[in-house]
file upload-v1.txt (compact mmCIF, C-alpha atoms and all ligand atoms)
# COMPACT_ATOMS: atom_id res chain seq x y z
CA MET A 117 -77.61 58.73 1.02
CA THR A 118 -78.57 60.51 -2.05
CA ALA A 119 -78.50 58.97 -5.47
CA PRO A 120 -76.24 60.70 -7.93
CA ALA A 121 -77.99 62.83 -10.55
CA SER A 122 -76.65 60.70 -13.37
CA LEU A 123 -78.22 57.54 -11.98
CA PRO A 124 -80.54 56.16 -14.64
CA GLU A 125 -84.18 56.14 -13.98
CA PRO A 126 -85.31 52.92 -12.27
CA ALA A 127 -86.81 50.59 -14.79
CA ASP A 128 -89.80 49.74 -12.66
CA ARG A 129 -91.01 53.34 -12.28
CA PRO A 130 -94.64 53.40 -13.31
CA ALA A 131 -95.01 54.67 -16.80
CA THR A 132 -97.16 57.72 -16.69
CA ARG A 133 -96.43 58.78 -20.14
CA VAL A 134 -97.44 57.32 -23.39
CA ARG A 135 -95.26 54.40 -24.27
CA GLY A 136 -93.59 54.08 -27.58
CA GLY A 137 -93.13 57.10 -29.77
CA ALA A 138 -93.78 59.60 -27.01
CA HIS A 139 -91.15 58.00 -24.79
CA ARG A 140 -88.60 57.55 -27.56
CA ALA A 141 -89.17 61.13 -28.65
CA ALA A 142 -88.41 62.45 -25.21
CA GLY A 143 -84.88 63.53 -26.18
CA ARG A 144 -85.97 65.39 -29.29
CA GLY A 145 -87.44 68.36 -27.69
CA PRO A 146 -90.94 69.35 -26.53
CA VAL A 147 -93.66 66.91 -27.39
CA THR A 148 -96.67 68.34 -29.04
CA ALA A 149 -99.65 66.03 -29.21
CA PRO A 150 -100.79 65.70 -32.82
CA ALA A 151 -104.35 66.30 -33.68
CA PRO A 152 -106.47 63.16 -33.46
CA ALA A 153 -106.95 61.41 -36.77
CA ALA A 154 -110.34 61.21 -38.21
CA PRO A 155 -111.94 57.83 -37.54
CA GLY A 156 -111.80 55.47 -40.51
CA SER A 157 -109.28 57.66 -42.34
CA ARG A 158 -106.07 56.28 -43.79
CA ARG A 159 -104.17 57.98 -41.03
CA ALA A 160 -106.33 56.45 -38.40
CA ARG A 161 -105.79 52.96 -39.89
CA ARG A 162 -102.08 53.63 -40.11
CA GLU A 163 -101.90 54.69 -36.46
CA ALA A 164 -103.96 51.70 -35.39
CA GLU A 165 -101.66 49.35 -37.29
CA ALA A 166 -98.62 51.01 -35.73
CA ALA A 167 -100.10 50.64 -32.27
CA ARG A 168 -100.78 47.00 -32.90
CA LEU A 169 -97.20 46.40 -34.03
CA ARG A 170 -95.86 48.26 -31.01
CA ALA A 171 -98.02 46.16 -28.78
CA ALA A 172 -96.76 43.01 -30.43
CA ARG A 173 -93.14 44.08 -29.92
CA ARG A 174 -93.71 45.09 -26.29
CA PRO A 175 -92.04 42.62 -23.94
CA ARG A 176 -94.52 40.53 -22.18
CA ARG A 177 -94.39 40.94 -18.47
CA ALA A 178 -92.75 37.81 -16.94
CA PRO A 179 -93.90 36.60 -13.61
CA VAL A 180 -92.01 38.11 -10.76
CA ALA A 181 -90.26 34.79 -9.90
CA ALA A 182 -89.13 34.30 -13.46
CA ALA A 183 -87.95 37.83 -13.59
CA GLY A 184 -86.07 37.24 -10.33
CA ALA A 185 -84.45 34.07 -11.65
CA LEU A 186 -83.57 35.81 -14.80
CA GLY A 187 -82.14 38.63 -12.78
CA VAL A 188 -80.16 36.20 -10.69
CA ALA A 189 -78.97 34.51 -13.82
CA VAL A 190 -78.10 37.81 -15.34
CA LEU A 191 -76.33 38.80 -12.18
CA VAL A 192 -74.74 35.43 -11.56
CA LEU A 193 -73.67 34.63 -15.08
CA PRO A 194 -71.13 37.43 -15.35
CA ILE A 195 -69.77 36.21 -12.06
CA THR A 196 -70.19 32.51 -12.67
CA VAL A 197 -68.62 32.32 -16.08
CA PRO A 198 -65.41 34.05 -15.07
CA ALA A 199 -65.50 32.05 -11.85
CA LEU A 200 -65.96 28.87 -13.81
CA GLN A 201 -63.26 30.00 -16.14
CA ALA A 202 -61.11 30.75 -13.11
CA VAL A 203 -61.94 27.37 -11.65
CA ALA A 204 -61.06 25.72 -14.91
CA ALA A 205 -57.83 27.68 -15.05
CA ALA A 206 -57.12 26.75 -11.44
CA ASP A 207 -57.91 23.16 -12.25
CA ARG A 208 -55.59 23.29 -15.23
CA GLU A 209 -53.01 24.95 -13.07
CA ARG A 210 -53.47 22.34 -10.39
CA ALA A 211 -53.28 19.64 -13.01
CA ASP A 212 -50.13 21.24 -14.37
CA VAL A 213 -48.72 21.50 -10.89
CA ALA A 214 -49.70 17.91 -10.20
CA ALA A 215 -48.18 16.79 -13.49
CA THR A 216 -45.07 18.77 -12.78
CA ALA A 217 -44.95 17.35 -9.26
CA LEU A 218 -45.39 13.87 -10.70
CA VAL A 219 -42.57 14.45 -13.17
CA VAL A 220 -40.42 15.89 -10.39
CA ALA A 221 -41.30 12.97 -8.17
CA GLN A 222 -40.51 10.53 -10.95
CA GLU A 223 -37.23 12.29 -11.64
CA GLU A 224 -36.50 12.32 -7.92
CA GLU A 225 -37.37 8.65 -7.74
CA GLY A 226 -35.13 7.98 -10.71
CA ARG A 227 -32.28 9.92 -9.11
CA ALA A 228 -32.82 8.09 -5.84
CA ALA A 229 -32.84 4.77 -7.66
CA ARG A 230 -29.68 5.69 -9.58
CA ALA A 231 -28.06 6.90 -6.36
CA ALA A 232 -29.06 3.67 -4.65
CA GLU A 233 -27.66 1.69 -7.56
CA VAL A 234 -24.46 3.70 -7.41
CA ARG A 235 -24.28 3.09 -3.67
CA ARG A 236 -24.97 -0.60 -4.20
CA LEU A 237 -22.23 -0.85 -6.81
CA ALA A 238 -19.87 1.11 -4.58
CA ASP A 239 -20.71 -1.19 -1.68
CA GLU A 240 -20.13 -4.21 -3.90
CA ALA A 241 -16.82 -2.76 -5.06
CA ALA A 242 -15.82 -2.02 -1.48
CA ALA A 243 -16.86 -5.51 -0.39
CA SER A 244 -14.96 -6.94 -3.31
CA ARG A 245 -11.90 -4.91 -2.38
CA GLU A 246 -12.24 -6.04 1.24
CA GLN A 247 -12.65 -9.63 0.11
CA ARG A 248 -9.59 -9.36 -2.13
CA ALA A 249 -7.64 -7.76 0.70
CA ALA A 250 -8.76 -10.51 3.04
CA ASP A 251 -7.88 -13.14 0.43
CA THR A 252 -4.50 -11.54 -0.09
CA ALA A 253 -3.88 -11.37 3.64
CA ALA A 254 -4.95 -14.99 4.05
CA ARG A 255 -2.76 -16.06 1.13
CA GLU A 256 0.19 -14.12 2.50
CA ALA A 257 -0.40 -15.58 5.95
CA ALA A 258 -0.58 -19.05 4.42
CA GLU A 259 2.60 -18.40 2.45
CA ALA A 260 4.32 -17.08 5.56
CA GLU A 261 3.08 -20.10 7.48
CA LEU A 262 4.33 -22.39 4.73
CA ALA A 263 7.67 -20.59 4.61
CA SER A 264 7.88 -20.85 8.37
CA ARG A 265 7.14 -24.57 8.21
CA VAL A 266 9.65 -25.06 5.43
CA ALA A 267 12.25 -23.16 7.43
CA ALA A 268 11.39 -25.15 10.55
CA ALA A 269 11.53 -28.38 8.57
CA GLY A 270 14.87 -27.33 7.11
CA ALA A 271 16.20 -26.46 10.53
CA MET A 272 14.92 -29.77 11.87
CA ALA A 273 16.48 -31.60 8.95
CA ASP A 274 19.75 -29.83 9.69
CA ARG A 275 19.52 -30.81 13.32
CA VAL A 276 18.64 -34.39 12.42
CA SER A 277 21.48 -34.48 9.94
CA ARG A 278 23.94 -33.17 12.48
CA SER A 279 22.54 -35.53 15.07
CA GLU A 280 22.85 -38.46 12.72
CA GLU A 281 26.42 -37.49 11.99
CA ARG A 282 27.27 -37.78 15.65
CA SER A 283 24.54 -40.23 16.70
CA ALA A 284 21.83 -38.47 18.66
CA LEU A 285 21.92 -38.65 22.42
CA PRO A 286 18.96 -36.68 23.77
CA GLY A 287 19.93 -34.16 26.39
CA CYS A 288 23.66 -34.46 25.71
CA SER A 289 25.28 -31.37 24.23
CA GLY A 290 28.64 -33.10 23.72
CA VAL A 291 30.25 -30.00 25.18
CA LEU A 292 32.12 -29.97 28.47
CA PRO A 293 31.27 -27.26 30.98
CA ASP A 294 34.23 -25.03 31.84
CA GLY A 295 36.41 -26.46 34.61
CA THR A 296 35.34 -30.05 34.07
CA THR A 297 38.85 -31.35 33.28
CA SER A 298 40.24 -29.78 36.47
CA ALA A 299 37.59 -31.41 38.66
CA PRO A 300 38.89 -34.20 40.92
CA ASN A 301 38.46 -37.83 39.86
CA GLY A 302 35.00 -39.05 40.69
CA GLN A 303 33.75 -35.53 41.39
CA LEU A 304 32.68 -34.28 37.93
CA PRO A 305 30.00 -31.61 37.75
CA ALA A 306 26.61 -33.22 37.25
CA ASP A 307 26.09 -31.48 33.91
CA ALA A 308 29.44 -32.80 32.64
CA VAL A 309 28.12 -36.36 32.59
CA CYS A 310 25.70 -37.55 29.90
CA ALA A 311 23.32 -40.36 30.76
CA LEU A 312 23.46 -43.37 28.42
CA TRP A 313 21.50 -46.50 29.31
CA ASP A 314 21.65 -49.22 31.93
CA ASP A 315 21.83 -46.39 34.48
CA GLU A 316 25.30 -45.50 33.33
CA GLY A 317 26.88 -42.32 31.97
CA LEU A 318 30.05 -40.90 30.39
CA ARG A 319 31.79 -37.56 30.21
CA ALA A 320 29.88 -35.36 27.78
CA ASP A 321 32.66 -34.95 25.23
CA VAL A 322 33.18 -38.72 24.75
CA ALA A 323 29.62 -39.96 25.32
CA LEU A 324 28.52 -39.32 21.72
CA SER A 325 31.43 -41.24 20.23
CA PHE A 326 30.51 -44.22 22.40
CA VAL A 327 26.89 -44.01 21.24
CA GLU A 328 28.12 -44.14 17.66
CA LEU A 329 30.28 -47.16 18.42
CA SER A 330 27.31 -48.87 20.05
CA ALA A 331 25.14 -48.06 17.01
CA ALA A 332 27.72 -49.66 14.69
CA PHE A 333 27.89 -52.69 16.99
CA GLU A 334 24.09 -52.94 17.00
CA GLU A 335 23.97 -52.72 13.25
CA ARG A 336 26.28 -55.72 13.10
CA PHE A 337 24.99 -57.82 16.01
CA GLY A 338 21.44 -56.60 16.51
CA GLU A 339 21.89 -55.23 20.03
CA ARG A 340 23.62 -52.25 21.52
CA LEU A 341 26.62 -52.53 23.81
CA ALA A 342 25.43 -53.47 27.31
CA LEU A 343 26.96 -51.35 30.07
CA THR A 344 27.92 -52.81 33.42
CA ASP A 345 29.85 -49.71 34.45
CA GLY A 346 30.50 -46.18 33.21
CA TYR A 347 31.26 -42.98 35.10
CA ARG A 348 31.97 -43.93 38.65
CA SER A 349 31.78 -41.32 41.40
CA LEU A 350 34.30 -41.36 44.22
CA ALA A 351 31.69 -42.83 46.59
CA GLU A 352 30.95 -45.59 44.11
CA GLN A 353 34.67 -46.30 43.69
CA HIS A 354 34.95 -46.72 47.44
CA ALA A 355 31.91 -49.00 47.44
CA VAL A 356 33.36 -51.20 44.66
CA ALA A 357 36.73 -51.31 46.42
CA ALA A 358 34.98 -52.41 49.58
CA GLU A 359 32.92 -55.10 47.84
CA ARG A 360 35.63 -56.41 45.53
CA PRO A 361 39.02 -55.66 47.10
CA GLY A 362 41.93 -55.66 44.65
CA PHE A 363 39.55 -55.71 41.69
CA ALA A 364 39.02 -52.04 40.99
CA ALA A 365 41.58 -49.29 40.84
CA GLU A 366 42.43 -47.39 43.96
CA PRO A 367 39.59 -44.96 44.64
CA GLY A 368 40.32 -41.56 43.11
CA THR A 369 42.54 -42.94 40.34
CA SER A 370 40.10 -44.94 38.17
CA ASP A 371 39.53 -43.96 34.55
CA HIS A 372 35.89 -44.53 35.42
CA GLY A 373 36.28 -41.60 37.83
CA TRP A 374 37.06 -39.37 34.87
CA GLY A 375 34.01 -40.53 32.99
CA LEU A 376 36.25 -41.89 30.21
CA ALA A 377 35.86 -45.69 30.62
CA VAL A 378 33.15 -48.34 30.35
CA ASP A 379 32.86 -51.99 31.30
CA LEU A 380 30.89 -53.95 28.71
CA GLY A 381 28.71 -57.05 28.53
CA SER A 382 27.17 -58.22 25.25
CA GLY A 383 29.67 -61.06 24.76
CA VAL A 384 32.59 -58.67 24.58
CA SER A 385 33.64 -59.27 28.17
CA THR A 386 34.89 -62.81 27.45
CA GLY A 387 37.91 -61.46 25.62
CA SER A 388 37.36 -63.88 22.72
CA GLY A 389 34.93 -64.64 19.99
CA GLU A 390 33.42 -62.68 17.12
CA ARG A 391 32.13 -59.76 19.15
CA TYR A 392 35.36 -59.12 21.01
CA ALA A 393 37.27 -59.44 17.73
CA TRP A 394 34.85 -57.00 16.05
CA MET A 395 35.37 -54.54 18.89
CA ARG A 396 39.13 -54.82 18.73
CA GLU A 397 38.92 -54.15 14.99
CA HIS A 398 36.39 -51.29 14.88
CA ALA A 399 36.27 -49.52 18.28
CA PRO A 400 39.55 -47.60 17.72
CA SER A 401 38.00 -45.80 14.71
CA PHE A 402 35.48 -44.34 17.22
CA GLY A 403 38.30 -43.45 19.67
CA TRP A 404 37.78 -46.44 21.98
CA GLU A 405 39.93 -49.42 22.81
CA ASN A 406 40.57 -52.19 25.27
CA PRO A 407 43.95 -51.05 26.71
CA THR A 408 46.82 -53.41 26.04
CA TRP A 409 47.34 -53.86 29.76
CA ALA A 410 43.72 -55.12 30.06
CA GLN A 411 43.82 -57.40 27.04
CA PRO A 412 44.22 -61.12 27.53
CA GLY A 413 47.94 -61.65 28.02
CA GLY A 414 48.43 -57.98 28.84
CA SER A 415 50.65 -56.49 31.52
CA GLY A 416 47.85 -55.72 33.94
CA PRO A 417 44.81 -57.48 35.29
CA THR A 418 42.99 -59.05 32.36
CA GLU A 419 39.89 -56.94 31.85
CA PRO A 420 38.59 -57.53 28.28
CA TRP A 421 35.35 -55.81 29.34
CA HIS A 422 37.18 -52.56 30.15
CA TRP A 423 37.27 -50.03 27.31
CA GLU A 424 38.53 -46.48 27.43
CA HIS A 425 38.44 -43.30 25.32
CA VAL A 426 42.10 -43.21 24.36
CA GLU A 427 42.63 -39.51 23.67
CA GLY A 428 40.47 -38.47 26.59
CA VAL A 429 42.41 -40.58 29.06
CA ALA A 430 45.76 -39.41 27.68
CA ALA A 431 44.74 -35.76 27.93
CA GLN A 432 43.28 -36.18 31.40
CA THR A 433 46.13 -38.23 32.94
CA GLY A 434 49.02 -36.86 30.89
CA VAL A 435 49.92 -40.42 30.12
CA PRO A 436 50.01 -41.30 26.38
CA ALA A 437 47.86 -44.23 25.42
CA ALA A 438 49.86 -47.46 25.36
ZN ZN A 501 36.55 -50.74 33.98
call {"tool": "encode", "arguments": {"input": "upload-v1.txt", "output": "structure tokens"}}
result
Amino acid sequence: MTAPASLPEPADRPATRVRGGAHRAAGRGPVTAPAPAAPGSRRARREAEAARLRAARRPRRAPVAAAGALGVAVLVLPITVPALQAVAAADRERADVAATALVVAQEEEGRAARAAEVRRLADEAAASREQRAADTAAREAAEAELASRVAAAGAMADRVSRSEERSALPGCSGVLPDGTTSAPNGQLPADAVCALWDDEGLRADVALSFVELSAAFEERFGERLALTDGYRSLAEQHAVAAERPGFAAEPGTSDHGWGLAVDLGSGVSTGSGERYAWMREHAPSFGWENPTWAQPGGSGPTEPWHWEHVEGVAAQTGVPAA
């Protein structure tokens, strides 16, 4: 490698020429050494003083280490200062970035908090709506339940009212099944006979009126009408005829066989007294009577205990009530 021609002369080249004026005058053309001044002359003193001043101005040679440190400093400073400046700028930039990031983070945090608050409020609103909907549904269900109960109570009241009007007899519809009136005496369909009490029964369409009569009797005398006989099947008619010959009607002809007659106890069967008189007075208004033939002094066997449903018997036998 060859140094370029313009490279300045190294500073540490040994000075072979006269320092000072000779060196500085190098660019002014050829140097011609002046004639030595005469010792002790003004010129000689002037030159000596000039040399002294030059010597005083000449930089003192620093130790090599100091010169090296200075050189390092001189070399490093131009690098260090901009580097330090760059570091400072980078620090400022980092600080700015950090500050910006902090602001962004704070804004982000704020947005997240606001979003969370919005979500919370929305959740509360939704929960509130759900609660209101549930409350409404519960209220409507309660109202429907209440309406249902009111309707049921009304229907029950209607049923009770109707039952009271005709005197309730549980399990008795009061309606005759089709074909009942054409069934033979003593052979009524089972569902055409309503059970009363004392193990007795009556045809369904007259049973309720007898219950009402008994209720009226009970209201007056404190006990219902005691039954000794009611509907009598054909087999039972035969049994009675066998046990008490001449007492009961011929089997297959008894009004008991139609389910339209009862034999009573309760003090009525004597044919006299307050209870019998009460029955004679009030039973007809319920459709029942002690037939004239059975009354004391009547045309038939005296049976004051025997009471019949007048219209029922007339319709069934075709014989008008006497
Ligand atoms: Zn009888």
call {"tool": "residues_near_ligand", "arguments": {"input": "upload-v1.txt", "ligand": "ligand ZN 501 (chain A)", "cutoff": "10 Å", "atoms": "all atoms listed in the file", "output": "VMD selection string"}}
result
chain A and resid 344 to 348 363 to 365 370 to 373 376 to 380 406 410 419 to 424
call {"tool": "atom_distance", "arguments": {"input": "upload-v1.txt", "atom1": "CA of Ala399 (chain A)", "atom2": "CA of Leu324 (chain A)"}}
result
13.3 Å
call {"tool": "closest_residue", "arguments": {"input": "upload-v1.txt", "among": "A:Pro367, A:Pro300, A:Pro417, A:Gly383", "to": "Phe333 (chain A)", "atoms": "all atoms listed in the file"}}
result
A:Gly383
call {"tool": "atom_distance", "arguments": {"input": "upload-v1.txt", "atom1": "CA of Ala323 (chain A)", "atom2": "CA of Ala311 (chain A)"}}
result
8.3 Å
call {"tool": "atom_distance", "arguments": {"input": "upload-v1.txt", "atom1": "CA of Cys288 (chain A)", "atom2": "CA of Ala320 (chain A)"}}
result
6.6 Å
call {"tool": "decode", "arguments": {"input": "upload-v1.txt", "residues": "region 294-318 of chain A", "atoms": "N, CA and C atoms", "output": "CSV table (one decimal), in the first residue's frame"}}
result
chain,number,residue,atom,x,y,z
A,294,ASP,N,-131.2,-46.4,29.7
A,294,ASP,CA,-132.2,-46.8,28.6
A,294,ASP,C,-132.6,-48.2,28.9
A,295,GLY,N,-133.9,-48.4,28.7
A,295,GLY,CA,-134.4,-49.8,28.8
A,295,GLY,C,-134.8,-50.2,30.2
A,296,THR,N,-134.6,-49.3,31.2
A,296,THR,CA,-134.9,-49.7,32.5
A,296,THR,C,-136.4,-50.0,32.7
A,297,THR,N,-137.3,-49.1,32.2
A,297,THR,CA,-138.7,-49.3,32.4
A,297,THR,C,-139.3,-50.5,31.7
A,298,SER,N,-138.6,-51.1,30.7
A,298,SER,CA,-139.1,-52.3,30.1
A,298,SER,C,-138.5,-53.5,30.7
A,299,ALA,N,-137.6,-53.4,31.7
A,299,ALA,CA,-137.1,-54.6,32.4
A,299,ALA,C,-138.2,-55.2,33.2
A,300,PRO,N,-138.1,-56.5,33.3
A,300,PRO,CA,-139.1,-57.2,34.1
A,300,PRO,C,-139.1,-56.9,35.6
A,301,ASN,N,-140.2,-56.9,36.3
A,301,ASN,CA,-140.2,-56.7,37.7
A,301,ASN,C,-139.2,-57.5,38.5
A,302,GLY,N,-138.5,-56.8,39.3
A,302,GLY,CA,-137.5,-57.5,40.1
A,302,GLY,C,-136.2,-57.8,39.4
A,303,GLN,N,-136.1,-57.4,38.1
A,303,GLN,CA,-134.9,-57.7,37.3
A,303,GLN,C,-134.3,-56.4,36.7
A,304,LEU,N,-134.3,-55.3,37.5
A,304,LEU,CA,-133.7,-54.0,37.0
A,304,LEU,C,-132.2,-54.1,36.8
A,305,PRO,N,-131.7,-53.4,35.8
A,305,PRO,CA,-130.3,-53.4,35.6
A,305,PRO,C,-129.6,-52.8,36.9
A,306,ALA,N,-128.5,-53.4,37.3
A,306,ALA,CA,-127.8,-53.0,38.5
A,306,ALA,C,-127.6,-51.5,38.6
A,307,ASP,N,-127.3,-50.8,37.5
A,307,ASP,CA,-127.0,-49.4,37.5
A,307,ASP,C,-128.3,-48.6,37.5
A,308,ALA,N,-129.4,-49.2,37.5
A,308,ALA,CA,-130.7,-48.5,37.5
A,308,ALA,C,-131.2,-48.3,39.0
A,309,VAL,N,-130.5,-48.9,39.9
A,309,VAL,CA,-130.9,-48.9,41.3
A,309,VAL,C,-129.8,-48.1,42.1
A,310,CYS,N,-130.3,-47.1,42.8
A,310,CYS,CA,-129.3,-46.3,43.6
A,310,CYS,C,-129.4,-46.8,45.1
A,311,ALA,N,-128.2,-47.0,45.7
A,311,ALA,CA,-128.2,-47.4,47.1
A,311,ALA,C,-128.5,-46.3,48.0
A,312,LEU,N,-129.4,-46.6,49.0
A,312,LEU,CA,-129.7,-45.5,50.0
A,312,LEU,C,-128.9,-45.9,51.3
A,313,TRP,N,-129.6,-46.4,52.3
A,313,TRP,CA,-129.0,-46.8,53.5
A,313,TRP,C,-129.8,-48.0,54.0
A,314,ASP,N,-129.4,-48.5,55.1
A,314,ASP,CA,-130.0,-49.8,55.7
A,314,ASP,C,-129.9,-50.9,54.6
A,315,ASP,N,-128.9,-50.9,53.8
A,315,ASP,CA,-128.8,-51.9,52.7
A,315,ASP,C,-130.0,-51.9,51.8
A,316,GLU,N,-130.6,-50.8,51.6
A,316,GLU,CA,-131.7,-50.8,50.7
A,316,GLU,C,-131.4,-49.8,49.5
A,317,GLY,N,-132.3,-49.9,48.5
A,317,GLY,CA,-132.1,-49.0,47.3
A,317,GLY,C,-133.4,-48.7,46.6
A,318,LEU,N,-133.4,-47.8,45.7
A,318,LEU,CA,-134.6,-47.4,44.9
A,318,LEU,C,-134.2,-47.1,43.5
